[in-house]
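J.: Have a look at this one.
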Amino acid sequence: MRIIILAVCVLLVKSAYSKSKQYEKRYTIIKTNAQVFSDQVWSVTPSTEEELQFIANLINTPQYKLDSWKDPRTINREINFRVPFSEIPAVNQILQKRKLAYRVMIPDVQHLIDSQTASSGNRRAAVKATNIEDFDYSNYHPAEEVYEWIDFVARDYSFARKFEVGITTQGRTIYALRFANGVGTAPKKAIYVDALIHCREWITTATTMWTFKEMLTKPEYSTMWDDYDWYFIPMINIDGYVHTWTEDRLWRKTLSQTATRSCTGVDGNRNWNVSWGGEGSSERPCNFDYHGPFPYSEPEVRHLSYFIMENKDQIQVLLSVHSYSQLLLYPYNYDSDIHADNDVQLHNISKAVCEAMYKVHGKTYVYGRGAETLYVASGFTMDWAHQVANIPISYTYELRDTGEFGFLLPADQIIPNGQEFLAGLVVLVQEAQNPVASGYGPNEV
Ligand code: 0X9
Ligand code: ZN
């Protein structure tokens, strides 16, 4: 009997020791970065199709709860994903076993979230804004303050009107601002700008608000109002945005209930009726790029589509603003063989815009057709706008940065990012008025 007990004890001790050794081993790989109890963002660059497929499958394995930040679609291109703290040892081991090197891009996601919380705390302590000029653009603002900002604009600028675009799943109102300078004149062609269809991309709302403030308050931008009418929708996915302030800073999708009880939300940039459900979107509700049960299933997308359709003859330019990656993409995303009929124009404009953006702070923005520059993805706002609403100049912006902070871009970059966005916009306004050349442009990427 004694011998049996002794043997069992020896076995238990041995197994505990080897487990701790194993853990230690896993842990040492990322030791320098893993002293914190936080999620991390990792980067992998697959060099073969097999590696690419392996990573894509790993990201879509629900067990590891990985969150895609930069999508896996082509070889020799970086993939970024967030690894929950609890899964770090397991994912580390899987990648090691497959001999896939990874780089820890953001070692302490929680630290970045905390810094943003701290800076928004300072903002709260500051005096409340009463107009768009004393609004604090060096900080991110919760939904109610964005609503206030919209009210300030509508109140203080006689050529601005506030419109209700529609109501979100949770009952919040999506507003558009319409600017039409020159009373009594016929409507001019319009430029449409939207932000925050992906609610974790806070920079999109912050930077576009700053940009419109500059355009409204600085006389040097007056021709921008003379040349075009403007539509501005600073906050599309408001439910999601509120959720990123209160529950989960890194939430991306809408907040509608899906057929899978435990998985909420649809990707608003896969829900448009253009090659809906095609390549580069997921039918699985738990995935980050879930396309929804049917096109326009999301009220945010449905109402926006009505709004754009109602004004489609006036809108010449549509800019759908996202982050991150520093890109300017034009149609099409859903198929690399299909080019827009004004491909040369889209190419020329984006080249000029990106050059102007570079001049401001030396930040490179890569431009090109979506499917070739990045990868095929379906159900996009931009493709829909071009193909269905016939809006000739249709772009997706990806603002700063290229991954150092990703979606957690520090607030002190809001204005610099705005400065380059605005410089690009000035050029876009000029270029969009040039006559259109025909033919296909090169894709320089
Ligand atoms: O996946 C998206 O909808 C966008 N990226 S984001 O990080 N803002 O979510 C756009 C991806 C760019 N386009 C292509 N895949 N072609
Ligand atoms: Zn996005």
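Each chain in the structure tokens gets a letter, A, B and so on, in the order shown; residues start at 1 in every chain, and ligands are counted from 1 in the order they appear.
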Need the shell around A:Lys312: protein/DNA/RNA residues with any atom at most 9 Å away, counting only C-alpha atoms. Skip same-chain ones fewer than 2 positions apart. Format as a VMD selection string?

T.: chain A and resid 307 to 310 314 to 316 385 389 to 391

J.: Store the residues of this selection in a file with N, CA and C atoms, as a short mmCIF file (atom, residue, chain, number, x, y, z; two decimals), in the first residue's frame.

T.:
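And here's out.cif as it stands now:
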data_model
loop_
_atom_site.label_atom_id
_atom_site.label_comp_id
_atom_site.auth_asym_id
_atom_site.auth_seq_id
_atom_site.Cartn_x
_atom_site.Cartn_y
_atom_site.Cartn_z
N PHE A 307 -30.32 57.04 -47.39
CA PHE A 307 -29.86 58.43 -47.39
C PHE A 307 -28.99 58.72 -48.62
N ILE A 308 -28.09 57.81 -48.89
CA ILE A 308 -27.20 58.02 -50.05
C ILE A 308 -28.01 57.93 -51.35
N MET A 309 -28.93 56.98 -51.41
CA MET A 309 -29.75 56.82 -52.61
C MET A 309 -30.58 58.09 -52.89
N GLU A 310 -31.13 58.65 -51.82
CA GLU A 310 -31.94 59.86 -51.98
C GLU A 310 -31.12 61.02 -52.56
N GLN A 314 -26.74 63.99 -56.53
CA GLN A 314 -25.94 65.15 -56.12
C GLN A 314 -24.53 64.77 -55.67
N ILE A 315 -24.43 63.59 -55.07
CA ILE A 315 -23.13 63.21 -54.50
C ILE A 315 -22.17 62.75 -55.60
N GLN A 316 -21.08 63.47 -55.71
CA GLN A 316 -20.06 63.09 -56.71
C GLN A 316 -18.92 62.31 -56.05
N ALA A 385 -21.34 52.12 -53.15
CA ALA A 385 -21.57 53.51 -53.58
C ALA A 385 -21.24 53.66 -55.06
N ALA A 389 -25.01 52.97 -56.29
CA ALA A 389 -25.50 54.35 -56.23
C ALA A 389 -24.88 55.22 -57.33
N ASN A 390 -23.99 54.64 -58.10
CA ASN A 390 -23.35 55.37 -59.22
C ASN A 390 -22.63 56.64 -58.80
N ILE A 391 -22.01 56.59 -57.66
CA ILE A 391 -21.21 57.73 -57.22
C ILE A 391 -19.80 57.54 -57.77
#

J.: Give me the residues within 12 Å of stretch 60-63 of chain A as a count of residues only, counting only C-alpha atoms and dropping any in the same chain fewer than 3 places off.

T.: 28

J.: I'd like a table as a tab-separated table: residues in chain A with an atom no more than 6 Å from ligand 1, each row giving the shortest atom pair and its distance in Å to one decimal, only C-alpha atoms and all ligand atoms counted, sorted by chain and rising residue number.

T.:
residue	atom	partner	partner_atom_place_in_ligand_line	distance
A:Asn269	CA	ligand 1	3 (O)	5.0
A:His322	CA	ligand 1	8 (N)	4.6
A:Ser323	CA	ligand 1	8 (N)	4.7
A:Tyr324	CA	ligand 1	7 (O)	5.7
A:Asn333	CA	ligand 1	16 (N)	4.6
A:Gly370	CA	ligand 1	16 (N)	3.8
A:Ala371	CA	ligand 1	16 (N)	4.4
A:Leu374	CA	ligand 1	16 (N)	4.8
A:Tyr375	CA	ligand 1	16 (N)	4.5
A:Val376	CA	ligand 1	16 (N)	5.1
A:Ala377	CA	ligand 1	15 (N)	4.9

J.: Save out the residues we just selected, C-alpha atoms, as a compact mmCIF listing (two decimals), in the first residue's frame.

T.:
# COMPACT_ATOMS: atom_id res chain seq x y z
CA ASN A 269 -18.59 47.07 -43.94
CA HIS A 322 -11.73 53.86 -41.39
CA SER A 323 -8.52 53.13 -39.54
CA TYR A 324 -5.82 51.87 -39.45
CA ASN A 333 -12.83 45.47 -53.37
CA GLY A 370 -8.92 47.70 -52.89
CA ALA A 371 -8.76 44.11 -54.07
CA LEU A 374 -5.05 44.60 -50.02
CA TYR A 375 -7.30 41.66 -50.67
CA VAL A 376 -10.76 40.80 -51.91
CA ALA A 377 -13.58 41.67 -49.53

J.: Quick one: DSSP helix (DSSP H, G or I) residues in stretch 28-199 of chain A, as a ChimeraX atom specification?

T.: /A:28-29,31-33,49-59,62-64,85-97,109-125,143-156

J.: Write out as number ranges by chain which residues come within 9 Å of stretch 219-235 of chain A when counting only C-alpha atoms, dropping same-chain ones fewer than 5 positions away.

T.: A: 143, 146-147, 150, 165, 174-182, 187-197, 199, 204-206, 208-209, 212, 214, 241, 314-315, 426, 429-430, 433

J.: Using DSSP secondary structure from the backbone, list all strand (DSSP E or B) positions within stretch 23-272 of chain A, as a ChimeraX atom specification.

T.: /A:40-44,67-70,79-83,103-106,160-167,173-179,190-195,229-233,257,264

J.: Keeping only N, CA and C atoms, take the residues you just selected and write them out as a tab-separated table (two decimals), in the first residue's frame.

T.:
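Written file, part04.tsv:
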chain	number	residue	atom	x	y	z
A	40	GLN	N	-2.29	41.04	-25.98
A	40	GLN	CA	-1.21	41.59	-26.81
A	40	GLN	C	-1.65	41.59	-28.27
A	41	VAL	N	-1.00	42.41	-29.08
A	41	VAL	CA	-1.22	42.34	-30.53
A	41	VAL	C	0.04	41.78	-31.15
A	42	TRP	N	-0.14	40.70	-31.89
A	42	TRP	CA	1.00	40.03	-32.53
A	42	TRP	C	0.94	40.24	-34.04
A	43	SER	N	2.11	40.13	-34.64
A	43	SER	CA	2.19	40.27	-36.08
A	43	SER	C	2.92	39.06	-36.68
A	44	VAL	N	2.32	38.49	-37.70
A	44	VAL	CA	2.92	37.36	-38.41
A	44	VAL	C	2.91	37.68	-39.89
A	67	ASP	N	-8.55	38.21	-32.19
A	67	ASP	CA	-9.28	39.34	-32.77
A	67	ASP	C	-8.44	39.90	-33.90
A	68	SER	N	-8.93	39.78	-35.13
A	68	SER	CA	-8.14	40.22	-36.29
A	68	SER	C	-8.07	41.74	-36.35
A	69	TRP	N	-6.87	42.27	-36.44
A	69	TRP	CA	-6.67	43.73	-36.58
A	69	TRP	C	-6.26	44.07	-38.00
A	70	LYS	N	-5.49	43.20	-38.59
A	70	LYS	CA	-5.11	43.35	-40.00
A	70	LYS	C	-5.28	41.97	-40.58
A	79	ILE	N	0.13	40.26	-40.93
A	79	ILE	CA	-1.18	40.01	-40.32
A	79	ILE	C	-1.07	40.44	-38.86
A	80	ASN	N	-2.01	41.20	-38.39
A	80	ASN	CA	-2.00	41.60	-36.97
A	80	ASN	C	-3.24	41.02	-36.29
A	81	PHE	N	-3.05	40.49	-35.11
A	81	PHE	CA	-4.21	40.02	-34.35
A	81	PHE	C	-3.96	40.16	-32.86
A	82	ARG	N	-5.06	40.35	-32.16
A	82	ARG	CA	-4.97	40.51	-30.70
A	82	ARG	C	-5.14	39.13	-30.05
A	83	VAL	N	-4.25	38.83	-29.11
A	83	VAL	CA	-4.32	37.55	-28.40
A	83	VAL	C	-4.75	37.84	-26.96
A	103	ARG	N	5.96	38.59	-34.11
A	103	ARG	CA	6.53	39.76	-33.44
A	103	ARG	C	5.43	40.32	-32.54
A	104	VAL	N	5.80	40.66	-31.32
A	104	VAL	CA	4.81	41.28	-30.44
A	104	VAL	C	4.76	42.76	-30.78
A	105	MET	N	3.67	43.18	-31.40
A	105	MET	CA	3.57	44.58	-31.83
A	105	MET	C	3.15	45.48	-30.69
A	106	ILE	N	2.13	45.03	-29.98
A	106	ILE	CA	1.68	45.81	-28.82
A	106	ILE	C	1.73	44.87	-27.61
A	160	ALA	N	-25.55	75.26	-42.49
A	160	ALA	CA	-25.53	73.85	-42.06
A	160	ALA	C	-26.91	73.41	-41.56
A	161	ARG	N	-27.31	72.21	-41.90
A	161	ARG	CA	-28.57	71.63	-41.41
A	161	ARG	C	-28.31	70.25	-40.86
A	162	LYS	N	-29.03	69.93	-39.80
A	162	LYS	CA	-28.88	68.60	-39.20
A	162	LYS	C	-30.03	67.71	-39.68
A	163	PHE	N	-29.71	66.53	-40.19
A	163	PHE	CA	-30.73	65.60	-40.69
A	163	PHE	C	-30.70	64.30	-39.91
A	164	GLU	N	-31.86	63.71	-39.72
A	164	GLU	CA	-31.89	62.39	-39.11
A	164	GLU	C	-31.74	61.36	-40.23
A	165	VAL	N	-30.72	60.53	-40.12
A	165	VAL	CA	-30.53	59.49	-41.15
A	165	VAL	C	-31.35	58.26	-40.80
A	166	GLY	N	-31.43	57.96	-39.51
A	166	GLY	CA	-32.19	56.78	-39.08
A	166	GLY	C	-31.85	56.43	-37.65
A	167	ILE	N	-32.43	55.33	-37.20
A	167	ILE	CA	-32.27	54.92	-35.81
A	167	ILE	C	-31.50	53.60	-35.75
A	173	THR	N	-30.18	57.93	-32.50
A	173	THR	CA	-30.37	58.59	-33.80
A	173	THR	C	-29.03	58.85	-34.48
A	174	ILE	N	-28.98	58.45	-35.75
A	174	ILE	CA	-27.79	58.77	-36.56
A	174	ILE	C	-28.08	60.08	-37.28
A	175	TYR	N	-27.18	61.05	-37.12
A	175	TYR	CA	-27.39	62.35	-37.77
A	175	TYR	C	-26.39	62.57	-38.91
A	176	ALA	N	-26.87	63.31	-39.90
A	176	ALA	CA	-25.98	63.82	-40.94
A	176	ALA	C	-26.03	65.33	-40.89
A	177	LEU	N	-24.90	65.96	-41.16
A	177	LEU	CA	-24.90	67.41	-41.36
A	177	LEU	C	-24.84	67.67	-42.85
A	178	ARG	N	-25.68	68.58	-43.30
A	178	ARG	CA	-25.63	68.96	-44.71
A	178	ARG	C	-25.21	70.42	-44.78
A	179	PHE	N	-24.21	70.71	-45.58
A	179	PHE	CA	-23.73	72.08	-45.74
A	179	PHE	C	-24.00	72.53	-47.16
A	190	ALA	N	-22.00	67.33	-54.52
A	190	ALA	CA	-21.71	67.21	-53.09
A	190	ALA	C	-20.60	66.18	-52.82
A	191	ILE	N	-19.93	66.42	-51.70
A	191	ILE	CA	-18.96	65.46	-51.17
A	191	ILE	C	-19.51	64.90	-49.87
A	192	TYR	N	-19.53	63.60	-49.78
A	192	TYR	CA	-20.08	62.91	-48.62
A	192	TYR	C	-18.94	62.28	-47.83
A	193	VAL	N	-18.93	62.50	-46.51
A	193	VAL	CA	-17.88	61.92	-45.64
A	193	VAL	C	-18.56	61.17	-44.50
A	194	ASP	N	-18.22	59.91	-44.31
A	194	ASP	CA	-18.74	59.22	-43.12
A	194	ASP	C	-17.63	58.60	-42.30
A	195	ALA	N	-17.91	58.40	-41.02
A	195	ALA	CA	-16.92	57.83	-40.10
A	195	ALA	C	-17.59	56.86	-39.12
A	229	ASP	N	-21.33	71.24	-52.12
A	229	ASP	CA	-22.10	71.01	-50.90
A	229	ASP	C	-21.45	69.81	-50.21
A	230	TRP	N	-21.71	69.68	-48.91
A	230	TRP	CA	-21.08	68.60	-48.15
A	230	TRP	C	-22.10	67.86	-47.29
A	231	TYR	N	-21.90	66.58	-47.15
A	231	TYR	CA	-22.64	65.78	-46.16
A	231	TYR	C	-21.61	65.18	-45.22
A	232	PHE	N	-21.90	65.26	-43.94
A	232	PHE	CA	-20.96	64.69	-42.96
A	232	PHE	C	-21.73	63.86	-41.93
A	233	ILE	N	-21.37	62.59	-41.85
A	233	ILE	CA	-21.97	61.69	-40.85
A	233	ILE	C	-20.84	61.23	-39.94
A	257	GLN	N	-28.63	41.43	-32.48
A	257	GLN	CA	-28.64	40.03	-32.04
A	257	GLN	C	-28.50	39.13	-33.26
A	264	THR	N	-22.65	38.52	-30.89
A	264	THR	CA	-23.44	39.70	-31.24
A	264	THR	C	-22.81	40.42	-32.42

J.: Please report the interatomic distance between atom CA of A:His339 and atom CA of A:Tyr358 in Å with one decimal.

T.: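 Spanning atom CA of A:His339 to atom CA of A:Tyr358 is a straight-line distance of 26.1 Å.
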
J.: Let me make sure I understand: among A:Ile393, A:Ala101, A:Val317, A:Ile203, which one has the smallest atom-to-atom distance to ligand 2 if we use only C-alpha atoms and all ligand atoms?

T.: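 Looking only at the distances to ligand 2, the closest residue turns out to be A:Ile203.
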
J.: Considering only C-alpha atoms and all ligand atoms, state which residue in the set A:Glu372, A:Glu355, A:Gln413, A:Leu250 is at the smallest distance from ligand 2.

T.: A:Leu250

J.: Measuring atom to atom with only C-alpha atoms and all ligand atoms, identify which of A:Leu112, A:Leu399, A:Leu52, A:Leu318 is nearest to ligand 2.

T.: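 Under the stated criterion, the closest residue is A:Leu399.
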